[in-house]
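First up is the structure itself, then whatever we jot down about it.
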Amino acid sequence: MTNFLRPHAAGSRPRMALCMAALGALALTAQAAHAAPPPVKIGVLGDMSGTYAGMGGPGSTAAARLAIDDCLAAECRGMQIELVSADHQNKADIGAAKAREWFDREGVSAIADLTNSAVALAVQGVAREKNRVVMFSGPATTALTNAQCSPVGFHWMFDTYSQSAGGARATVQTGGKSWFFITVDYAFGHSLQADTEKMVKSLGGSVAGAVRHPLNASDYASFLLQAQSSGAQVVALANGGQDTVNAVKQAREFKVVESGQRLVSLLIFLSDLRALGLENAQGLSYVDGFYWDYDEQSRGWSDRFAKAFRDLKPTMTQAGVYSSVRHYLRAVAASGSTDGKVVADKMRELPIQDPIMRNATIRPDGRVIHDMYLYQVKTPAESKGGWDYSKLVATIPAAQAFQPLSDSTCPLVTSRQ
């Protein structure tokens, strides 16, 4: 037996004291490292000036700032958190270049928002390559959690399946059997139309025709005339943002509804309803993942958002940015790391707890499933004024609102089967 293990041997006490001191210092260092995660830099990359700026844009940046403030007052107390934002201009190459610059040169550890499906798919690839977390609240394509899924990518609020599941089901079941689509011509519109067509046909409906229009179109006359001449019972708008606003306004001018057809918006936001006004929007049915007046929690958070951002109520995209950034920061605090895979694993492990989501969980494919809601726009006589635009028609449970995991083509899922 060595003298080191004999506490009463001559000269052993000083050596033992030195060893114990060194071990204690190491333990304190480890504890300090765990208690103080590295600095965090989050980027909000969205449409800050174009057709989707109202539903995301600067409001998404304000929502992310609220999430940071809330986490700093709780789990993130003492952390250094920085927020940056940029306009991807609805161009995939610009979005991918900005993401790469943020990751490589500016130390951004996660990106949120990413309205525009083409941009989102491009950034998903960069984030996967760089092992950085990316959280999508604005794009709708289901490809993000199917063939192009990523272990560090999370689709947070809605997608084309969730928008078609409720709206198409309710319309077909109440007599809207034949459909005509007016679709924006890029990944988002294609995916939204395809998912809705599949749902319509599965319910016994049919598709009478479709026409595609460019992003940021201003004249829908020829498209609406084709929809009317098709004889379809339903004219479905597979677009979003200002495109939807313009299409709905012109559909009213062409008296689409008065002629006996139903006008359905497959993706519309609170900001769009405000731009349209109840006279134009009344009677529209739509699916939403967050409505400011749903309950006390949503009203309380929405009041805070309005005070922070131009007295406006939040859209579901902006609410999704808050929820995703808040959850990401909780995972950083809990894991003590900003490594993409480490934080992503912790995000899947932790429950989602915030004023935005109900019955929310994160699946292996990165899809965040949660309850969705079918709303109908009120008539001017029904509204109590202000932001009182919509009434709840039905709740779509989380398990039914999103594509079944058994149908996923995500390699993270299929490799386990």
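Ligands are numbered from 1 in the order shown, chains are lettered A, B, ... in the order of the structure tokens, and residues start at 1 in each chain.
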
For Ser259 in chain A, list every protein, DNA or RNA residue within 12 Å, evaluated using only C-alpha atoms, and leave out those in the same chain fewer than 6 positions away; present the list as a short mmCIF file (atom, residue, chain, number, x, y, z; two decimals) with N, CA and C atoms, in the first residue's frame.
```cif
data_model
loop_
_atom_site.label_atom_id
_atom_site.label_comp_id
_atom_site.auth_asym_id
_atom_site.auth_seq_id
_atom_site.Cartn_x
_atom_site.Cartn_y
_atom_site.Cartn_z
N LEU A 225 -61.86 34.13 -63.83
CA LEU A 225 -62.76 33.77 -64.93
C LEU A 225 -62.67 32.28 -65.23
N ALA A 227 -61.84 29.98 -63.08
CA ALA A 227 -62.48 29.31 -61.95
C ALA A 227 -64.00 29.31 -62.10
N GLN A 228 -64.56 30.44 -62.55
CA GLN A 228 -66.01 30.52 -62.72
C GLN A 228 -66.49 29.64 -63.86
N SER A 229 -65.74 29.62 -64.95
CA SER A 229 -66.17 28.81 -66.10
C SER A 229 -66.01 27.32 -65.87
N GLY A 231 -67.14 25.67 -63.41
CA GLY A 231 -68.33 25.12 -62.79
C GLY A 231 -68.09 24.46 -61.45
N ALA A 232 -66.87 24.58 -60.91
CA ALA A 232 -66.55 23.97 -59.62
C ALA A 232 -67.36 24.61 -58.50
N GLN A 233 -67.70 23.79 -57.52
CA GLN A 233 -68.45 24.32 -56.38
C GLN A 233 -67.57 25.15 -55.45
N VAL A 234 -66.27 24.86 -55.46
CA VAL A 234 -65.34 25.53 -54.55
C VAL A 234 -64.20 26.15 -55.34
N VAL A 235 -63.93 27.42 -55.06
CA VAL A 235 -62.74 28.10 -55.59
C VAL A 235 -61.77 28.23 -54.42
N ALA A 251 -62.11 38.56 -56.09
CA ALA A 251 -63.18 37.56 -56.13
C ALA A 251 -64.51 38.19 -55.74
N ARG A 252 -64.47 39.14 -54.81
CA ARG A 252 -65.69 39.86 -54.43
C ARG A 252 -66.18 40.71 -55.60
N GLU A 253 -65.24 41.36 -56.30
CA GLU A 253 -65.62 42.18 -57.45
C GLU A 253 -66.24 41.33 -58.55
#
```

Margin query: Give me the residues near range 156-171 of chain A as number ranges by chain, where near means some atom within 9 Å (using only C-alpha atoms) and where sequence neighbours in that chain fewer than 4 positions away do not count.
Written below: A: 135-142, 175-177, 188-189, 191-200, 203, 234, 262, 264-267, 285-290, 316-317, 319-321, 323-324, 357, 362, 366-370, 372-374, 394-396, 400-403

Save out the residues we just selected, C-alpha atoms, as a JSON list (two decimals), in the first residue's frame.
```
[["chain", "number", "residue", "atom", "x", "y", "z"],
["A", 135, "MET", "CA", -36.97, 26.62, -36.58],
["A", 136, "PHE", "CA", -39.66, 27.19, -39.22],
["A", 137, "SER", "CA", -42.83, 29.07, -38.27],
["A", 138, "GLY", "CA", -43.63, 30.80, -41.56],
["A", 139, "PRO", "CA", -43.15, 28.27, -44.41],
["A", 140, "ALA", "CA", -45.78, 25.65, -45.17],
["A", 141, "THR", "CA", -44.20, 22.93, -47.32],
["A", 142, "THR", "CA", -44.29, 19.46, -45.75],
["A", 175, "GLY", "CA", -71.39, 19.81, -49.94],
["A", 176, "GLY", "CA", -68.32, 21.37, -51.54],
["A", 177, "LYS", "CA", -67.40, 18.37, -53.65],
["A", 188, "PHE", "CA", -45.42, 26.44, -51.02],
["A", 189, "GLY", "CA", -48.35, 26.73, -53.42],
["A", 191, "SER", "CA", -47.45, 21.61, -51.80],
["A", 192, "LEU", "CA", -50.61, 23.27, -50.48],
["A", 193, "GLN", "CA", -52.57, 22.36, -53.60],
["A", 194, "ALA", "CA", -51.23, 18.79, -53.67],
["A", 195, "ASP", "CA", -52.06, 18.11, -50.02],
["A", 196, "THR", "CA", -55.54, 19.60, -50.38],
["A", 197, "GLU", "CA", -56.25, 17.67, -53.58],
["A", 198, "LYS", "CA", -55.29, 14.46, -51.83],
["A", 199, "MET", "CA", -57.58, 15.26, -48.91],
["A", 200, "VAL", "CA", -60.50, 16.27, -51.18],
["A", 203, "LEU", "CA", -63.23, 12.33, -48.94],
["A", 234, "VAL", "CA", -65.34, 25.53, -54.55],
["A", 262, "ARG", "CA", -67.68, 28.89, -52.33],
["A", 264, "VAL", "CA", -62.01, 29.04, -49.50],
["A", 265, "SER", "CA", -58.66, 30.42, -48.38],
["A", 266, "LEU", "CA", -56.29, 27.56, -47.58],
["A", 267, "LEU", "CA", -53.90, 29.86, -45.73],
["A", 285, "SER", "CA", -63.44, 29.53, -43.43],
["A", 286, "TYR", "CA", -59.80, 28.94, -42.58],
["A", 287, "VAL", "CA", -57.52, 26.86, -40.36],
["A", 288, "ASP", "CA", -55.30, 28.57, -37.79],
["A", 289, "GLY", "CA", -52.74, 27.42, -35.25],
["A", 290, "PHE", "CA", -53.09, 30.46, -32.97],
["A", 316, "MET", "CA", -49.82, 32.49, -35.96],
["A", 317, "THR", "CA", -46.40, 32.88, -37.60],
["A", 319, "ALA", "CA", -46.73, 33.44, -32.22],
["A", 320, "GLY", "CA", -44.83, 30.44, -33.56],
["A", 321, "VAL", "CA", -41.57, 32.40, -33.57],
["A", 323, "SER", "CA", -42.83, 29.60, -29.03],
["A", 324, "SER", "CA", -39.89, 28.18, -31.00],
["A", 357, "MET", "CA", -49.30, 25.84, -28.11],
["A", 362, "ILE", "CA", -42.00, 17.22, -31.15],
["A", 366, "GLY", "CA", -38.96, 17.54, -36.48],
["A", 367, "ARG", "CA", -42.68, 18.20, -36.91],
["A", 368, "VAL", "CA", -44.19, 19.96, -33.88],
["A", 369, "ILE", "CA", -47.74, 18.67, -33.62],
["A", 370, "HIS", "CA", -50.38, 20.56, -31.63],
["A", 372, "MET", "CA", -55.24, 23.35, -34.78],
["A", 373, "TYR", "CA", -58.50, 25.26, -35.15],
["A", 374, "LEU", "CA", -61.14, 25.81, -37.79],
["A", 394, "ALA", "CA", -64.02, 23.32, -34.35],
["A", 395, "THR", "CA", -60.82, 22.10, -32.72],
["A", 396, "ILE", "CA", -58.69, 19.71, -34.76],
["A", 400, "GLN", "CA", -55.36, 14.50, -36.65],
["A", 401, "ALA", "CA", -54.10, 17.92, -37.70],
["A", 402, "PHE", "CA", -50.77, 16.79, -39.16],
["A", 403, "GLN", "CA", -49.54, 14.13, -41.55]]
```

Check: Running DSSP on the backbone, which parts of range 51-262 of chain A land in strand (DSSP E), as a VMD selection string?
Finding: chain A and resid 81 to 87 110 to 113 133 to 136 153 to 155 178 to 184 206 to 213 234 to 238 262

Would you save the residues from that selection as a short mmCIF file (atom, residue, chain, number, x, y, z; two decimals), in the first residue's frame, using N, CA and C atoms?
```cif
data_model
loop_
_atom_site.label_atom_id
_atom_site.label_comp_id
_atom_site.auth_asym_id
_atom_site.auth_seq_id
_atom_site.Cartn_x
_atom_site.Cartn_y
_atom_site.Cartn_z
N ILE A 81 -27.57 36.76 -24.50
CA ILE A 81 -28.37 36.40 -25.67
C ILE A 81 -28.47 37.61 -26.59
N GLU A 82 -28.12 37.42 -27.84
CA GLU A 82 -28.16 38.48 -28.84
C GLU A 82 -29.15 38.10 -29.94
N LEU A 83 -29.83 39.10 -30.49
CA LEU A 83 -30.82 38.88 -31.54
C LEU A 83 -30.45 39.71 -32.77
N VAL A 84 -30.44 39.07 -33.94
CA VAL A 84 -30.23 39.77 -35.20
C VAL A 84 -31.36 39.40 -36.15
N SER A 85 -31.57 40.21 -37.17
CA SER A 85 -32.61 39.91 -38.14
C SER A 85 -32.17 40.36 -39.53
N ALA A 86 -32.80 39.76 -40.55
CA ALA A 86 -32.46 40.10 -41.93
C ALA A 86 -33.64 39.76 -42.84
N ASP A 87 -33.66 40.38 -44.01
CA ASP A 87 -34.70 40.20 -45.02
C ASP A 87 -34.17 39.26 -46.11
N ALA A 110 -28.75 29.72 -34.01
CA ALA A 110 -30.07 29.22 -34.43
C ALA A 110 -30.77 30.30 -35.25
N ILE A 111 -31.61 29.85 -36.18
CA ILE A 111 -32.40 30.77 -37.01
C ILE A 111 -33.87 30.41 -36.87
N ALA A 112 -34.71 31.45 -36.80
CA ALA A 112 -36.16 31.26 -36.66
C ALA A 112 -36.91 32.01 -37.75
N ASP A 113 -38.20 31.71 -37.88
CA ASP A 113 -39.16 32.31 -38.80
C ASP A 113 -39.09 31.64 -40.17
N VAL A 133 -29.27 24.76 -35.27
CA VAL A 133 -30.71 24.58 -35.17
C VAL A 133 -31.43 25.62 -36.03
N VAL A 134 -32.48 25.17 -36.72
CA VAL A 134 -33.32 26.07 -37.50
C VAL A 134 -34.78 25.73 -37.21
N MET A 135 -35.59 26.79 -37.02
CA MET A 135 -36.97 26.62 -36.58
C MET A 135 -37.90 27.37 -37.52
N PHE A 136 -38.80 26.63 -38.18
CA PHE A 136 -39.66 27.19 -39.22
C PHE A 136 -41.06 27.45 -38.67
N GLY A 153 -33.58 20.43 -37.61
CA GLY A 153 -34.64 21.26 -38.17
C GLY A 153 -35.98 20.97 -37.52
N PHE A 154 -36.75 22.02 -37.22
CA PHE A 154 -38.05 21.88 -36.55
C PHE A 154 -39.09 22.73 -37.26
N HIS A 155 -40.20 22.09 -37.65
CA HIS A 155 -41.31 22.80 -38.30
C HIS A 155 -42.35 23.09 -37.24
N SER A 178 -66.66 19.56 -55.67
CA SER A 178 -65.75 19.80 -56.79
C SER A 178 -64.96 21.10 -56.55
N TRP A 179 -63.65 21.04 -56.84
CA TRP A 179 -62.75 22.14 -56.48
C TRP A 179 -61.99 22.65 -57.69
N PHE A 180 -61.70 23.95 -57.66
CA PHE A 180 -60.80 24.60 -58.62
C PHE A 180 -59.78 25.39 -57.82
N PHE A 181 -58.49 25.23 -58.16
CA PHE A 181 -57.42 25.86 -57.38
C PHE A 181 -56.80 27.04 -58.13
N ILE A 182 -56.61 28.13 -57.42
CA ILE A 182 -55.80 29.26 -57.87
C ILE A 182 -54.56 29.27 -56.99
N THR A 183 -53.42 28.90 -57.58
CA THR A 183 -52.24 28.51 -56.80
C THR A 183 -51.03 29.38 -57.13
N VAL A 184 -50.34 29.84 -56.08
CA VAL A 184 -49.10 30.58 -56.30
C VAL A 184 -48.02 29.61 -56.78
N SER A 206 -63.74 15.91 -55.97
CA SER A 206 -63.02 15.88 -57.24
C SER A 206 -62.39 17.24 -57.51
N VAL A 207 -61.45 17.28 -58.46
CA VAL A 207 -60.77 18.52 -58.84
C VAL A 207 -61.15 18.86 -60.28
N ALA A 208 -61.79 20.00 -60.46
CA ALA A 208 -62.26 20.42 -61.79
C ALA A 208 -61.16 21.11 -62.59
N GLY A 209 -60.13 21.63 -61.90
CA GLY A 209 -59.06 22.30 -62.61
C GLY A 209 -58.21 23.13 -61.67
N ALA A 210 -57.17 23.73 -62.25
CA ALA A 210 -56.25 24.56 -61.45
C ALA A 210 -55.51 25.51 -62.37
N VAL A 211 -55.07 26.62 -61.81
CA VAL A 211 -54.27 27.58 -62.55
C VAL A 211 -53.23 28.15 -61.59
N ARG A 212 -52.05 28.44 -62.12
CA ARG A 212 -50.98 28.97 -61.27
C ARG A 212 -50.70 30.43 -61.61
N HIS A 213 -50.36 31.19 -60.57
CA HIS A 213 -50.03 32.60 -60.77
C HIS A 213 -48.68 32.90 -60.13
N VAL A 234 -66.27 24.86 -55.46
CA VAL A 234 -65.34 25.53 -54.55
C VAL A 234 -64.20 26.15 -55.34
N VAL A 235 -63.93 27.42 -55.06
CA VAL A 235 -62.74 28.10 -55.59
C VAL A 235 -61.77 28.23 -54.42
N ALA A 236 -60.66 27.50 -54.51
CA ALA A 236 -59.71 27.44 -53.40
C ALA A 236 -58.47 28.27 -53.72
N LEU A 237 -58.10 29.13 -52.80
CA LEU A 237 -56.91 29.97 -52.96
C LEU A 237 -55.74 29.31 -52.26
N ALA A 238 -54.81 28.78 -53.05
CA ALA A 238 -53.61 28.15 -52.50
C ALA A 238 -52.45 29.14 -52.60
N ARG A 262 -68.26 28.60 -53.64
CA ARG A 262 -67.68 28.89 -52.33
C ARG A 262 -66.24 29.36 -52.51
#
```

Notebook entry, point to check: With only C-alpha atoms as the atoms that count, which of A:Thr315, A:Asn146, A:Thr51, A:Ser383 lies nearest to Leu405 in chain A?
Noted result: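 With only C-alpha atoms as the atom set, the closest residue is A:Asn146.
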
Note to self: Please determine, counting only C-alpha atoms, which residue among A:Val393, A:Val119, A:Ala97, A:Val126 has the shortest atom-to-atom distance to Tyr294 in chain A.
What the structure shows: A:Val393

Check: Could you pull out the alpha helix (DSSP H) residues of range 119-328 of chain A from DSSP and send them as a VMD selection string?
Finding: chain A and resid 119 to 130 160 to 173 187 to 202 221 to 229 241 to 253 270 to 276 278 to 281 296 to 308 316 to 328

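Of the residues under consideration (A:Ala127, A:Cys410, A:Ala308, A:Pro37), A:Pro37 shows the shortest atom-to-atom contact distance to Gly78 in chain A when counting only C-alpha atoms.
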
Next item on the list: Take CA of Pro380 in chain A and CA of Phe305 in chain A and report the distance between them in Å, one decimal.
Entry: 25.3 Å

Notebook entry, point to check: Within 7 Å of range 101-108 of chain A, counting only C-alpha atoms, which residues qualify if same-chain residues fewer than 6 places away don't, as a list in words?
Noted result: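 In the requested format, the answer is Lys41, Ile42 and Gly43 of chain A.
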
Could you dump the residues just selected with N, CA and C atoms as an mmCIF file, in the first residue's frame?
```
data_model
loop_
_atom_site.group_PDB
_atom_site.id
_atom_site.type_symbol
_atom_site.label_atom_id
_atom_site.label_comp_id
_atom_site.auth_asym_id
_atom_site.auth_seq_id
_atom_site.Cartn_x
_atom_site.Cartn_y
_atom_site.Cartn_z
ATOM 1 N N LYS A 41 -26.629 33.533 -29.932
ATOM 2 C CA LYS A 41 -27.004 34.533 -30.930
ATOM 3 C C LYS A 41 -28.057 33.928 -31.840
ATOM 4 N N ILE A 42 -29.233 34.532 -31.860
ATOM 5 C CA ILE A 42 -30.361 34.017 -32.630
ATOM 6 C C ILE A 42 -30.664 34.962 -33.788
ATOM 7 N N GLY A 43 -30.906 34.383 -34.956
ATOM 8 C CA GLY A 43 -31.257 35.175 -36.132
ATOM 9 C C GLY A 43 -32.703 34.960 -36.538
#
```

Notebook entry, point to check: A:Arg304, A:Tyr328, A:Thr361, A:Glu279: which is nearest Glu382 in chain A, counting only C-alpha atoms?
Noted result: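 Using only C-alpha atoms, the shortest distance to Glu382 in chain A belongs to A:Glu279.
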
Notebook entry, point to check: Could you work out how far CA of Ala67 in chain A lies from CA of Thr244 in chain A, giving the answer in Å with one decimal?
Noted result: 29.2 Å

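In this structure, CA of Trp301 in chain A sits 28.8 Å away from CA of Asp365 in chain A.
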
Checklist line | Pro411 in chain A environment, 10 Å, only C-alpha atoms, sequence neighbours closer than 5 positions dropped, as a list of chain:residue names | finding: A:Thr145, A:Asn146, A:Ala147, A:Gln148, A:Cys149, A:Ser150, A:Pro151, A:Pro364, A:Asp365, A:Arg416, A:Gln417

Notebook entry, point to check: So, counting only C-alpha atoms, which residue among A:Ile268, A:Leu278, A:Ala247, A:Met79 is closest to Ala381 in chain A?
Noted result: A:Leu278
